[in-house]
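K.L.:
Attaching a single structure in structure tokens format; questions to follow.
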Amino acid sequence: MLSLAFYLLFLLVFVVFAVYAERKTAAFIQNRLGPMEVGPRGMLQTVADLLKMIQKEDIKADAVDKLPFLIAPIIVFVAVFAGFSVLPLNAEVAGSNVSGGLFLMLAIISLDVLGILMAGWASNNKYSLFGSMRSVAQIVSYEIPIGLSVLCVVIITGTLDLQKTSLLQSGRGLIDWNIIQHPVLIIPFLIFFISGLAESNRTPFDLPESESELIGGYHTEYSGFRWGIFMLSEYGMMLLLSIVGAILFFGGWNSPLVRIGSWDLYTMTSGTVWGTFWLLSKALLLVFIQMWVRWTLPRLRVDQLMSLSWKYLTPLSILMLFICGIWKLWLIS
Amino acid sequence: MSEFVQFFFFLLTLIGVGVIVSTKNVVHAAYALALVLVSLAGIYVLLNAELLAIVQILLYAGGVVILLVFGVMMTRRGSEDVLVSESKNSILALALSLAIFSLLVYVFSEATFESFESTITSDQVREIGVSFLTNHIVAFELIAFVLLVALVGASYLAKMSSND
Amino acid sequence: MIELDPTYYLYLSALLFSSGIFVVISKRNVIFVLIGIELILNSANLLLATFSRTDLNGQIFAIFSIVLTVCEVAIALAILLNVYRKYHSSNLDELNELSNE
């Protein structure tokens, strides 16, 4: 319960800084300066944007299906946020005590597709319907590589509980991380990262909400704060998958510093606050890489997107499942 | 506290079933079916059946409902409202379902439970996994085969033929 | 952890079953009938989960039932798509001929 409350507050603060960071990253990659006017070097730009968004008029068109139209953003946000309940914070604060924590998270995340379908259908609008059907097809297709790559890690660690996975990676710092102890996990991490980009509708997979082609995709008809809830859930999904990637592959809340001789840097940087700091900074580094990829790569066409999932990522992740099984058997013998 | 949670999930299920039975709009019925499936998953958690609840959310609410909504979207004529006409059989259907309901309630009211305590305490996911590969391995392999056949069959049936 | 009388779970299962039968018999749209079939299957799963208190076999059986239901719905929708392409209707009253001539 404590970790869920912390993650709610952290998510809300994170979105404010993430929007600013995204605009600055975009600017530096595109060789310009970004927001500079509002506040010192533009830092209060997101606050100004939030104030503007909250006071916008809540436009409800006449021909929409009332109740599904109003509920759809809430379903998307609740499905994404409920996935945060199984994440640990540090060595003392664990997530929810379910025996299949990781499996539960993947199941609950797949419920956001319902909200997107409701939004697209209730909007009574060609572009919304196209956008939402493409988005649903994309999210459902990329759930398979994500599940299989997570399964590769579960085969090697032997547990579905995220706190136990972090405990198995503690002791000696950097060399105890899953990706360094078991180098066969590098390709599953890449598959996980790419599928995570597709799950949160980020470029290069953001065809459903591409502003230049589909006006707004499934959130065309939404204005003001309801659109803000859709954006909040997109950043929430980015953060959730980054935290899960940090826990599964990069050591969770363990410190990366090693023991050099008798100078015990590892224990010096471990503890309650240190644990939370390490976990969140690894997750924020992955979020930064997601933003970096967004402004570097062009958008994929919808048939390239689907063929990437079904013809390349799924067979590759099945092959990696087999290889991780062999690695685990070799480790045991 | 536990009674309040049980009452809440029962209420959600009843609301969902009420919407499915009374609405004329197929899309609304599909959304109400999603509500019923998710609240049934909550009831399974209360019955200490954790893996069943997770599988229910993953496969039913995250799979079957999406299939049904796609089915609705692809099989409608133009822009007419998705109506159903139930004028013929509804009284007969109501009588029949009430008869079956009263029969089942009569049979269930005779049930006595001596002890309803759950004696499963361990790691359910691990035990079910082990049991799939030891006690129920034949059923497990057959289910995998059925899934493969269903996947190939459905994608063959639904593909557009070249002269359509 | 249960303070509720366990027969209420059985009553809920009976309610789901009879609403499923009502929906299957009285609705004319094919998707509606599939929704009714889902309700019937869920009532059986609820019954299995209620009685699986001392061992896990009920749960395992319910998981197999869910997987088979998913296969059945997928194939039913594929058949429906084919039928719709020929008859341009998904109303059961209008699908009453064996061939399209």
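Please note that chains go A, B, ... in the order of the structure tokens, that every chain numbers its residues from 1, and that ligands are numbered from 1 in the order shown.
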Quick one: residues within 12 Å of A:Asp62, only C-alpha atoms, excluding same-chain residues fewer than 2 positions away - as a compact mmCIF listing (two decimals) with N, CA and C atoms, in the first residue's frame?
P.N.:
# COMPACT_ATOMS: atom_id res chain seq x y z
N ILE A 59 -15.40 19.82 -24.13
CA ILE A 59 -16.30 19.74 -25.28
C ILE A 59 -16.86 18.33 -25.37
N LYS A 60 -18.18 18.23 -25.33
CA LYS A 60 -18.79 16.91 -25.54
C LYS A 60 -19.67 17.05 -26.76
N VAL A 64 -21.84 11.65 -29.72
CA VAL A 64 -21.03 10.60 -29.12
C VAL A 64 -21.91 9.77 -28.20
N ASP A 65 -21.42 8.57 -27.92
CA ASP A 65 -22.05 7.63 -27.02
C ASP A 65 -21.65 8.08 -25.62
N LYS A 66 -22.59 8.66 -24.83
CA LYS A 66 -22.17 9.41 -23.64
C LYS A 66 -21.32 8.64 -22.63
N PHE A 69 -17.87 7.27 -23.73
CA PHE A 69 -16.96 8.37 -24.05
C PHE A 69 -16.34 8.94 -22.80
N ALA A 122 -16.85 5.17 -29.34
CA ALA A 122 -17.83 6.13 -28.84
C ALA A 122 -17.67 7.49 -29.48
N SER A 123 -16.51 7.78 -30.08
CA SER A 123 -16.32 9.10 -30.65
C SER A 123 -17.09 9.29 -31.93
N ASN A 124 -17.57 8.21 -32.54
CA ASN A 124 -18.46 8.34 -33.70
C ASN A 124 -17.81 9.09 -34.84
N ASN A 125 -16.58 8.73 -35.16
CA ASN A 125 -15.72 9.56 -36.00
C ASN A 125 -14.77 8.61 -36.71
N GLU A 221 -11.35 13.44 -30.36
CA GLU A 221 -12.50 14.18 -29.85
C GLU A 221 -12.34 14.64 -28.43
K.L.:
Can you work out which residues from chain C touch chain B at a cut-off of 6 Å (counting only C-alpha atoms) and hand them back as a VMD selection string?
P.N.:
chain C and resid 14 18 22 25 to 28 53 to 54 71 75 78
K.L.:
Just all heavy atoms for this one: save the residues we selected as a short mmCIF file (atom, residue, chain, number, x, y, z; two decimals), in the first residue's frame.
P.N.:
data_model
loop_
_atom_site.label_atom_id
_atom_site.label_comp_id
_atom_site.auth_asym_id
_atom_site.auth_seq_id
_atom_site.Cartn_x
_atom_site.Cartn_y
_atom_site.Cartn_z
N ALA C 14 -25.90 -19.66 -10.46
CA ALA C 14 -27.19 -19.97 -11.06
C ALA C 14 -27.75 -18.77 -11.81
O ALA C 14 -28.33 -18.91 -12.90
CB ALA C 14 -28.18 -20.41 -9.97
N SER C 18 -28.68 -18.73 -15.82
CA SER C 18 -30.01 -18.48 -16.39
C SER C 18 -30.03 -17.21 -17.23
O SER C 18 -30.73 -17.15 -18.24
CB SER C 18 -31.08 -18.45 -15.31
OG SER C 18 -30.60 -17.81 -14.18
N PHE C 22 -31.15 -16.96 -21.14
CA PHE C 22 -32.10 -15.96 -21.63
C PHE C 22 -31.53 -15.21 -22.83
O PHE C 22 -32.21 -15.01 -23.85
CB PHE C 22 -32.43 -14.98 -20.50
CG PHE C 22 -33.30 -13.86 -20.95
CD1 PHE C 22 -34.64 -14.06 -21.23
CD2 PHE C 22 -32.79 -12.58 -21.11
CE1 PHE C 22 -35.44 -13.03 -21.65
CE2 PHE C 22 -33.57 -11.54 -21.53
CZ PHE C 22 -34.91 -11.77 -21.80
N ILE C 25 -31.37 -17.44 -26.03
CA ILE C 25 -32.62 -17.78 -26.69
C ILE C 25 -33.27 -16.55 -27.30
O ILE C 25 -33.85 -16.60 -28.38
CB ILE C 25 -33.58 -18.44 -25.69
CG1 ILE C 25 -33.01 -19.78 -25.29
CG2 ILE C 25 -34.93 -18.63 -26.30
CD1 ILE C 25 -33.89 -20.51 -24.35
N SER C 26 -33.20 -15.40 -26.62
CA SER C 26 -34.06 -14.32 -27.09
C SER C 26 -33.37 -13.32 -28.00
O SER C 26 -34.06 -12.59 -28.69
CB SER C 26 -34.62 -13.57 -25.90
OG SER C 26 -33.62 -12.78 -25.35
N LYS C 27 -32.05 -13.28 -28.06
CA LYS C 27 -31.42 -12.26 -28.89
C LYS C 27 -31.17 -12.80 -30.29
O LYS C 27 -30.91 -13.99 -30.46
CB LYS C 27 -30.11 -11.79 -28.28
CG LYS C 27 -30.23 -11.29 -26.88
CD LYS C 27 -30.86 -9.92 -26.82
CE LYS C 27 -30.86 -9.44 -25.39
NZ LYS C 27 -31.51 -8.17 -25.22
N ARG C 28 -31.20 -11.90 -31.26
CA ARG C 28 -31.07 -12.32 -32.65
C ARG C 28 -29.72 -12.04 -33.26
O ARG C 28 -29.41 -12.57 -34.30
CB ARG C 28 -32.13 -11.61 -33.51
CG ARG C 28 -33.55 -11.94 -33.13
CD ARG C 28 -33.92 -13.33 -33.52
NE ARG C 28 -33.93 -14.24 -32.40
CZ ARG C 28 -33.83 -15.54 -32.51
NH1 ARG C 28 -33.68 -16.11 -33.67
NH2 ARG C 28 -33.85 -16.30 -31.45
N ARG C 53 -11.44 -26.10 -2.76
CA ARG C 53 -10.93 -25.55 -1.50
C ARG C 53 -9.76 -26.33 -0.95
O ARG C 53 -8.87 -25.77 -0.35
CB ARG C 53 -12.04 -25.56 -0.43
CG ARG C 53 -13.25 -24.77 -0.80
CD ARG C 53 -12.94 -23.39 -1.17
NE ARG C 53 -12.73 -22.55 -0.02
CZ ARG C 53 -12.36 -21.29 -0.09
NH1 ARG C 53 -12.12 -20.74 -1.23
NH2 ARG C 53 -12.21 -20.59 1.00
N THR C 54 -9.73 -27.64 -1.10
CA THR C 54 -8.65 -28.40 -0.46
C THR C 54 -7.56 -28.79 -1.42
O THR C 54 -6.47 -29.12 -1.01
CB THR C 54 -9.20 -29.68 0.18
OG1 THR C 54 -9.98 -30.36 -0.80
CG2 THR C 54 -10.05 -29.35 1.37
N CYS C 71 -10.49 -20.50 -27.71
CA CYS C 71 -10.41 -21.11 -29.05
C CYS C 71 -11.76 -21.08 -29.73
O CYS C 71 -11.88 -20.74 -30.92
CB CYS C 71 -9.97 -22.57 -28.93
SG CYS C 71 -8.34 -22.82 -28.32
N ILE C 75 -12.79 -19.16 -33.36
CA ILE C 75 -13.27 -19.84 -34.56
C ILE C 75 -14.69 -19.38 -34.89
O ILE C 75 -15.04 -19.18 -36.06
CB ILE C 75 -13.19 -21.36 -34.38
CG1 ILE C 75 -11.73 -21.73 -34.25
CG2 ILE C 75 -13.83 -22.06 -35.53
CD1 ILE C 75 -11.48 -23.18 -34.36
N ALA C 78 -14.42 -16.19 -36.75
CA ALA C 78 -13.94 -16.37 -38.12
C ALA C 78 -15.07 -16.86 -39.01
O ALA C 78 -15.26 -16.39 -40.14
CB ALA C 78 -12.78 -17.36 -38.13
#
K.L.:
Using only C-alpha atoms, find which residues of chain A lie within 8 Å of chain B and jot them down as number ranges by chain.
P.N.:
A: 98-100, 103-104, 106-108, 110-111, 113-114
K.L.:
Could you turn the residues from that selection into a file that holds all heavy atoms, as a PDB file, in the first residue's frame?
P.N.:
ATOM      1  N   VAL A  98       1.225 -10.939  -4.046  1.00  0.00           N
ATOM      2  CA  VAL A  98       0.595 -11.948  -4.896  1.00  0.00           C
ATOM      3  C   VAL A  98       1.680 -12.905  -5.343  1.00  0.00           C
ATOM      4  O   VAL A  98       2.801 -12.495  -5.606  1.00  0.00           O
ATOM      5  CB  VAL A  98      -0.053 -11.271  -6.124  1.00  0.00           C
ATOM      6  CG1 VAL A  98      -0.810 -12.254  -6.940  1.00  0.00           C
ATOM      7  CG2 VAL A  98      -0.934 -10.157  -5.680  1.00  0.00           C
ATOM      8  N   SER A  99       1.349 -14.188  -5.474  1.00  0.00           N
ATOM      9  CA  SER A  99       2.401 -15.132  -5.834  1.00  0.00           C
ATOM     10  C   SER A  99       2.828 -14.976  -7.282  1.00  0.00           C
ATOM     11  O   SER A  99       3.933 -15.311  -7.639  1.00  0.00           O
ATOM     12  CB  SER A  99       1.939 -16.562  -5.581  1.00  0.00           C
ATOM     13  OG  SER A  99       0.839 -16.856  -6.399  1.00  0.00           O
ATOM     14  N   GLY A 100       1.983 -14.433  -8.125  1.00  0.00           N
ATOM     15  CA  GLY A 100       2.369 -14.263  -9.518  1.00  0.00           C
ATOM     16  C   GLY A 100       2.436 -12.793  -9.862  1.00  0.00           C
ATOM     17  O   GLY A 100       1.716 -12.333 -10.739  1.00  0.00           O
ATOM     18  N   PHE A 103       3.155 -11.675 -13.586  1.00  0.00           N
ATOM     19  CA  PHE A 103       2.084 -12.148 -14.438  1.00  0.00           C
ATOM     20  C   PHE A 103       0.843 -11.271 -14.267  1.00  0.00           C
ATOM     21  O   PHE A 103       0.178 -10.898 -15.235  1.00  0.00           O
ATOM     22  CB  PHE A 103       1.787 -13.595 -14.038  1.00  0.00           C
ATOM     23  CG  PHE A 103       1.047 -14.397 -15.049  1.00  0.00           C
ATOM     24  CD1 PHE A 103       0.948 -13.994 -16.354  1.00  0.00           C
ATOM     25  CD2 PHE A 103       0.440 -15.578 -14.684  1.00  0.00           C
ATOM     26  CE1 PHE A 103       0.268 -14.737 -17.285  1.00  0.00           C
ATOM     27  CE2 PHE A 103      -0.240 -16.330 -15.597  1.00  0.00           C
ATOM     28  CZ  PHE A 103      -0.338 -15.916 -16.894  1.00  0.00           C
ATOM     29  N   LEU A 104       0.556 -10.906 -12.991  1.00  0.00           N
ATOM     30  CA  LEU A 104      -0.590 -10.047 -12.720  1.00  0.00           C
ATOM     31  C   LEU A 104      -0.418  -8.692 -13.382  1.00  0.00           C
ATOM     32  O   LEU A 104      -1.352  -8.140 -13.958  1.00  0.00           O
ATOM     33  CB  LEU A 104      -0.763  -9.876 -11.214  1.00  0.00           C
ATOM     34  CG  LEU A 104      -1.913  -8.995 -10.778  1.00  0.00           C
ATOM     35  CD1 LEU A 104      -3.195  -9.676 -11.103  1.00  0.00           C
ATOM     36  CD2 LEU A 104      -1.837  -8.728  -9.306  1.00  0.00           C
ATOM     37  N   LEU A 106       1.308  -7.970 -16.118  1.00  0.00           N
ATOM     38  CA  LEU A 106       1.088  -8.078 -17.565  1.00  0.00           C
ATOM     39  C   LEU A 106      -0.389  -8.230 -17.882  1.00  0.00           C
ATOM     40  O   LEU A 106      -0.876  -7.697 -18.882  1.00  0.00           O
ATOM     41  CB  LEU A 106       1.864  -9.271 -18.120  1.00  0.00           C
ATOM     42  CG  LEU A 106       3.364  -9.075 -18.194  1.00  0.00           C
ATOM     43  CD1 LEU A 106       4.031 -10.347 -18.643  1.00  0.00           C
ATOM     44  CD2 LEU A 106       3.707  -7.963 -19.146  1.00  0.00           C
ATOM     45  N   ALA A 107      -1.139  -8.949 -17.013  1.00  0.00           N
ATOM     46  CA  ALA A 107      -2.568  -9.133 -17.278  1.00  0.00           C
ATOM     47  C   ALA A 107      -3.320  -7.820 -17.138  1.00  0.00           C
ATOM     48  O   ALA A 107      -4.162  -7.486 -17.972  1.00  0.00           O
ATOM     49  CB  ALA A 107      -3.138 -10.171 -16.311  1.00  0.00           C
ATOM     50  N   ILE A 108      -2.996  -7.040 -16.088  1.00  0.00           N
ATOM     51  CA  ILE A 108      -3.753  -5.809 -15.865  1.00  0.00           C
ATOM     52  C   ILE A 108      -3.426  -4.774 -16.928  1.00  0.00           C
ATOM     53  O   ILE A 108      -4.288  -4.015 -17.356  1.00  0.00           O
ATOM     54  CB  ILE A 108      -3.486  -5.285 -14.449  1.00  0.00           C
ATOM     55  CG1 ILE A 108      -4.114  -6.228 -13.457  1.00  0.00           C
ATOM     56  CG2 ILE A 108      -4.046  -3.915 -14.268  1.00  0.00           C
ATOM     57  CD1 ILE A 108      -4.077  -5.734 -12.069  1.00  0.00           C
ATOM     58  N   SER A 110      -2.913  -5.301 -19.972  1.00  0.00           N
ATOM     59  CA  SER A 110      -3.635  -5.577 -21.206  1.00  0.00           C
ATOM     60  C   SER A 110      -5.071  -5.109 -21.146  1.00  0.00           C
ATOM     61  O   SER A 110      -5.783  -5.252 -22.135  1.00  0.00           O
ATOM     62  CB  SER A 110      -3.596  -7.063 -21.506  1.00  0.00           C
ATOM     63  OG  SER A 110      -4.387  -7.751 -20.586  1.00  0.00           O
ATOM     64  N   LEU A 111      -5.548  -4.562 -20.017  1.00  0.00           N
ATOM     65  CA  LEU A 111      -6.914  -4.058 -19.966  1.00  0.00           C
ATOM     66  C   LEU A 111      -7.038  -2.659 -20.543  1.00  0.00           C
ATOM     67  O   LEU A 111      -8.156  -2.196 -20.747  1.00  0.00           O
ATOM     68  CB  LEU A 111      -7.418  -4.021 -18.522  1.00  0.00           C
ATOM     69  CG  LEU A 111      -7.833  -5.339 -17.933  1.00  0.00           C
ATOM     70  CD1 LEU A 111      -8.265  -5.124 -16.505  1.00  0.00           C
ATOM     71  CD2 LEU A 111      -8.969  -5.924 -18.713  1.00  0.00           C
ATOM     72  N   VAL A 113      -6.492  -1.768 -23.393  1.00  0.00           N
ATOM     73  CA  VAL A 113      -7.001  -1.877 -24.758  1.00  0.00           C
ATOM     74  C   VAL A 113      -8.502  -1.628 -24.789  1.00  0.00           C
ATOM     75  O   VAL A 113      -9.024  -1.038 -25.731  1.00  0.00           O
ATOM     76  CB  VAL A 113      -6.671  -3.274 -25.309  1.00  0.00           C
ATOM     77  CG1 VAL A 113      -7.066  -3.379 -26.725  1.00  0.00           C
ATOM     78  CG2 VAL A 113      -5.217  -3.543 -25.166  1.00  0.00           C
ATOM     79  N   LEU A 114      -9.206  -2.057 -23.712  1.00  0.00           N
ATOM     80  CA  LEU A 114     -10.643  -1.826 -23.638  1.00  0.00           C
ATOM     81  C   LEU A 114     -10.957  -0.339 -23.659  1.00  0.00           C
ATOM     82  O   LEU A 114     -11.873   0.107 -24.354  1.00  0.00           O
ATOM     83  CB  LEU A 114     -11.193  -2.411 -22.344  1.00  0.00           C
ATOM     84  CG  LEU A 114     -11.620  -3.849 -22.403  1.00  0.00           C
ATOM     85  CD1 LEU A 114     -11.936  -4.300 -21.003  1.00  0.00           C
ATOM     86  CD2 LEU A 114     -12.814  -3.972 -23.278  1.00  0.00           C
TER      87      LEU A 114
END
K.L.:
Just the number, please: distance in Å from atom CA of A:Pro298 to atom CA of A:Lys24, one decimal.
P.N.:
18.8 Å
K.L.:
Can you pull out every residue within 9 Å of C:Ser43, counting only C-alpha atoms, but drop anything in the same chain fewer than 5 positions away, and send it as a PyMOL selection string?
P.N.:
chain C and resi 10+12-17+20+38+48
K.L.:
Write out as a list in words each polymer residue whose atoms come within 8 Å of C:Val30, counting only C-alpha atoms; drop sequence neighbours fewer than 5 positions from it.
P.N.:
Leu80, Ser90, Asn91 and Leu92 of chain C
K.L.:
Create the file for the chosen residues now, containing N, CA, C and O atoms and written as a PDB file, in the first residue's frame.
P.N.:
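Written file, result-v6.pdb:
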ATOM      1  N   LEU C  80     -18.228 -16.314 -38.487  1.00  0.00           N
ATOM      2  CA  LEU C  80     -19.171 -15.204 -38.638  1.00  0.00           C
ATOM      3  C   LEU C  80     -18.708 -14.230 -39.715  1.00  0.00           C
ATOM      4  O   LEU C  80     -19.511 -13.723 -40.497  1.00  0.00           O
ATOM      5  N   SER C  90     -25.828 -10.020 -39.935  1.00  0.00           N
ATOM      6  CA  SER C  90     -25.464 -10.863 -38.805  1.00  0.00           C
ATOM      7  C   SER C  90     -26.658 -11.099 -37.921  1.00  0.00           C
ATOM      8  O   SER C  90     -26.544 -11.287 -36.731  1.00  0.00           O
ATOM      9  N   ASN C  91     -27.818 -11.111 -38.534  1.00  0.00           N
ATOM     10  CA  ASN C  91     -29.058 -11.346 -37.805  1.00  0.00           C
ATOM     11  C   ASN C  91     -29.464 -12.780 -38.048  1.00  0.00           C
ATOM     12  O   ASN C  91     -29.588 -13.213 -39.187  1.00  0.00           O
ATOM     13  N   LEU C  92     -29.692 -13.543 -36.973  1.00  0.00           N
ATOM     14  CA  LEU C  92     -29.926 -14.975 -37.136  1.00  0.00           C
ATOM     15  C   LEU C  92     -31.206 -15.278 -37.897  1.00  0.00           C
ATOM     16  O   LEU C  92     -31.334 -16.336 -38.494  1.00  0.00           O
TER      17      LEU C  92
END
K.L.:
Suppose you want the space between atom CA of A:Leu257 and atom CA of A:Gly173; what is it in Å?
P.N.:
5.2 Å
K.L.:
Can you list every residue in stretch 192-308 of chain A that DSSP puts in strand (DSSP E), as an NGL selection string?
P.N.:
:A and (259-260 or 263-264)
K.L.:
What would the file look like if the residues just selected were written as a PDB file, in the first residue's frame with C-alpha atoms?
P.N.:
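Wrote it out as part10.pdb, contents follow:
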ATOM      1  CA  ARG A 259      33.761  -3.463  -3.529  1.00  0.00           C
ATOM      2  CA  ILE A 260      37.278  -2.326  -4.369  1.00  0.00           C
ATOM      3  CA  TRP A 263      36.777  -0.108   0.448  1.00  0.00           C
ATOM      4  CA  ASP A 264      33.155  -1.319   0.641  1.00  0.00           C
TER       5      ASP A 264
END
K.L.:
Between C:Leu46, C:Val24, C:Ile35, C:Leu68, single out the one closest to C:Tyr11, counting only C-alpha atoms.
P.N.:
C:Leu46
K.L.:
What does the structure give for the distance between atom CA of A:Ala119 and atom CA of A:Ser132, in Å to one decimal?
P.N.:
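Atom CA of A:Ala119 sits 7.5 Å away from atom CA of A:Ser132.
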K.L.:
Write down as number ranges by chain the residues of stretch 9-80 of chain B whose backbone DSSP state falls under helix (DSSP H, G or I).
P.N.:
B: 9-22, 26-46, 50-74
K.L.:
Got a sec: who's within 6 Å of stretch 274-281 of chain A, counting only C-alpha atoms, leaving out chain neighbours fewer than 3 positions off, as a list in words?
P.N.:
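In the requested format, the answer is Leu89, Asn90, Gly252, Trp253, Ser270, Gly271 and Leu284 of chain A.
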K.L.:
Generate a file of the selected residues that holds all heavy atoms, formatted as a CSV table (one decimal), in the first residue's frame.
P.N.:
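Dumped to selection.csv:
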chain,number,residue,atom,x,y,z
A,89,LEU,N,9.9,-1.0,-3.8
A,89,LEU,CA,10.6,0.3,-3.8
A,89,LEU,C,12.0,0.1,-3.4
A,89,LEU,O,12.9,0.7,-3.9
A,89,LEU,CB,9.9,1.2,-2.7
A,89,LEU,CG,9.0,2.3,-3.3
A,89,LEU,CD1,8.6,3.1,-2.1
A,89,LEU,CD2,9.7,3.1,-4.3
A,90,ASN,N,12.3,-0.6,-2.3
A,90,ASN,CA,13.6,-0.9,-1.9
A,90,ASN,C,13.6,-2.2,-1.1
A,90,ASN,O,12.6,-2.9,-1.2
A,90,ASN,CB,14.2,0.3,-1.1
A,90,ASN,CG,13.2,0.7,0.0
A,90,ASN,OD1,12.6,-0.2,0.7
A,90,ASN,ND2,13.1,2.0,0.2
A,252,GLY,N,17.4,-3.7,-10.2
A,252,GLY,CA,16.4,-3.2,-9.3
A,252,GLY,C,17.0,-2.1,-8.4
A,252,GLY,O,17.5,-1.1,-8.8
A,253,TRP,N,16.7,-2.2,-7.1
A,253,TRP,CA,17.2,-1.2,-6.2
A,253,TRP,C,18.6,-1.4,-5.6
A,253,TRP,O,18.9,-0.8,-4.6
A,253,TRP,CB,16.2,-1.0,-5.0
A,253,TRP,CG,15.6,-2.3,-4.5
A,253,TRP,CD1,14.4,-2.8,-4.8
A,253,TRP,CD2,16.3,-3.3,-3.7
A,253,TRP,NE1,14.2,-4.0,-4.1
A,253,TRP,CE2,15.3,-4.3,-3.5
A,253,TRP,CE3,17.5,-3.4,-3.1
A,253,TRP,CZ2,15.7,-5.5,-2.7
A,253,TRP,CZ3,17.8,-4.5,-2.3
A,253,TRP,CH2,16.9,-5.5,-2.2
A,270,SER,N,24.0,1.5,0.1
A,270,SER,CA,22.8,0.8,0.2
A,270,SER,C,22.0,1.2,1.4
A,270,SER,O,22.6,1.7,2.4
A,270,SER,CB,23.1,-0.7,0.3
A,270,SER,OG,23.7,-1.2,-0.8
A,271,GLY,N,20.7,1.0,1.3
A,271,GLY,CA,19.9,1.5,2.5
A,271,GLY,C,18.5,1.7,1.9
A,271,GLY,O,18.2,1.4,0.8
A,284,LEU,N,14.6,6.2,-14.8
A,284,LEU,CA,14.6,7.4,-15.5
A,284,LEU,C,15.6,7.4,-16.6
A,284,LEU,O,15.4,8.1,-17.7
A,284,LEU,CB,14.8,8.6,-14.5
A,284,LEU,CG,13.7,8.9,-13.6
A,284,LEU,CD1,14.0,10.0,-12.6
A,284,LEU,CD2,12.5,9.2,-14.4
K.L.:
What's the 12 Å shell around A:Ala5, counting only C-alpha atoms, without same-chain residues fewer than 6 positions away, as a PyMOL selection string?
P.N.:
chain A and resi 11-12+81-82+84-85+87-89+93+95
K.L.:
Would you output that residue set with C-alpha atoms, as a compact mmCIF listing (two decimals), in the first residue's frame?
P.N.:
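again08.txt, freshly written:
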# COMPACT_ATOMS: atom_id res chain seq x y z
CA LEU A 11 3.98 9.50 -11.27
CA LEU A 12 2.24 12.86 -10.98
CA PHE A 81 -1.77 2.61 -12.80
CA ALA A 82 -2.94 -0.68 -11.27
CA PHE A 84 2.27 -0.19 -10.33
CA SER A 85 0.93 -2.14 -7.38
CA LEU A 87 6.53 -2.97 -7.91
CA PRO A 88 8.90 -2.89 -4.93
CA LEU A 89 10.59 0.30 -3.77
CA VAL A 93 9.03 -1.93 1.01
CA GLY A 95 4.78 -4.49 -3.63
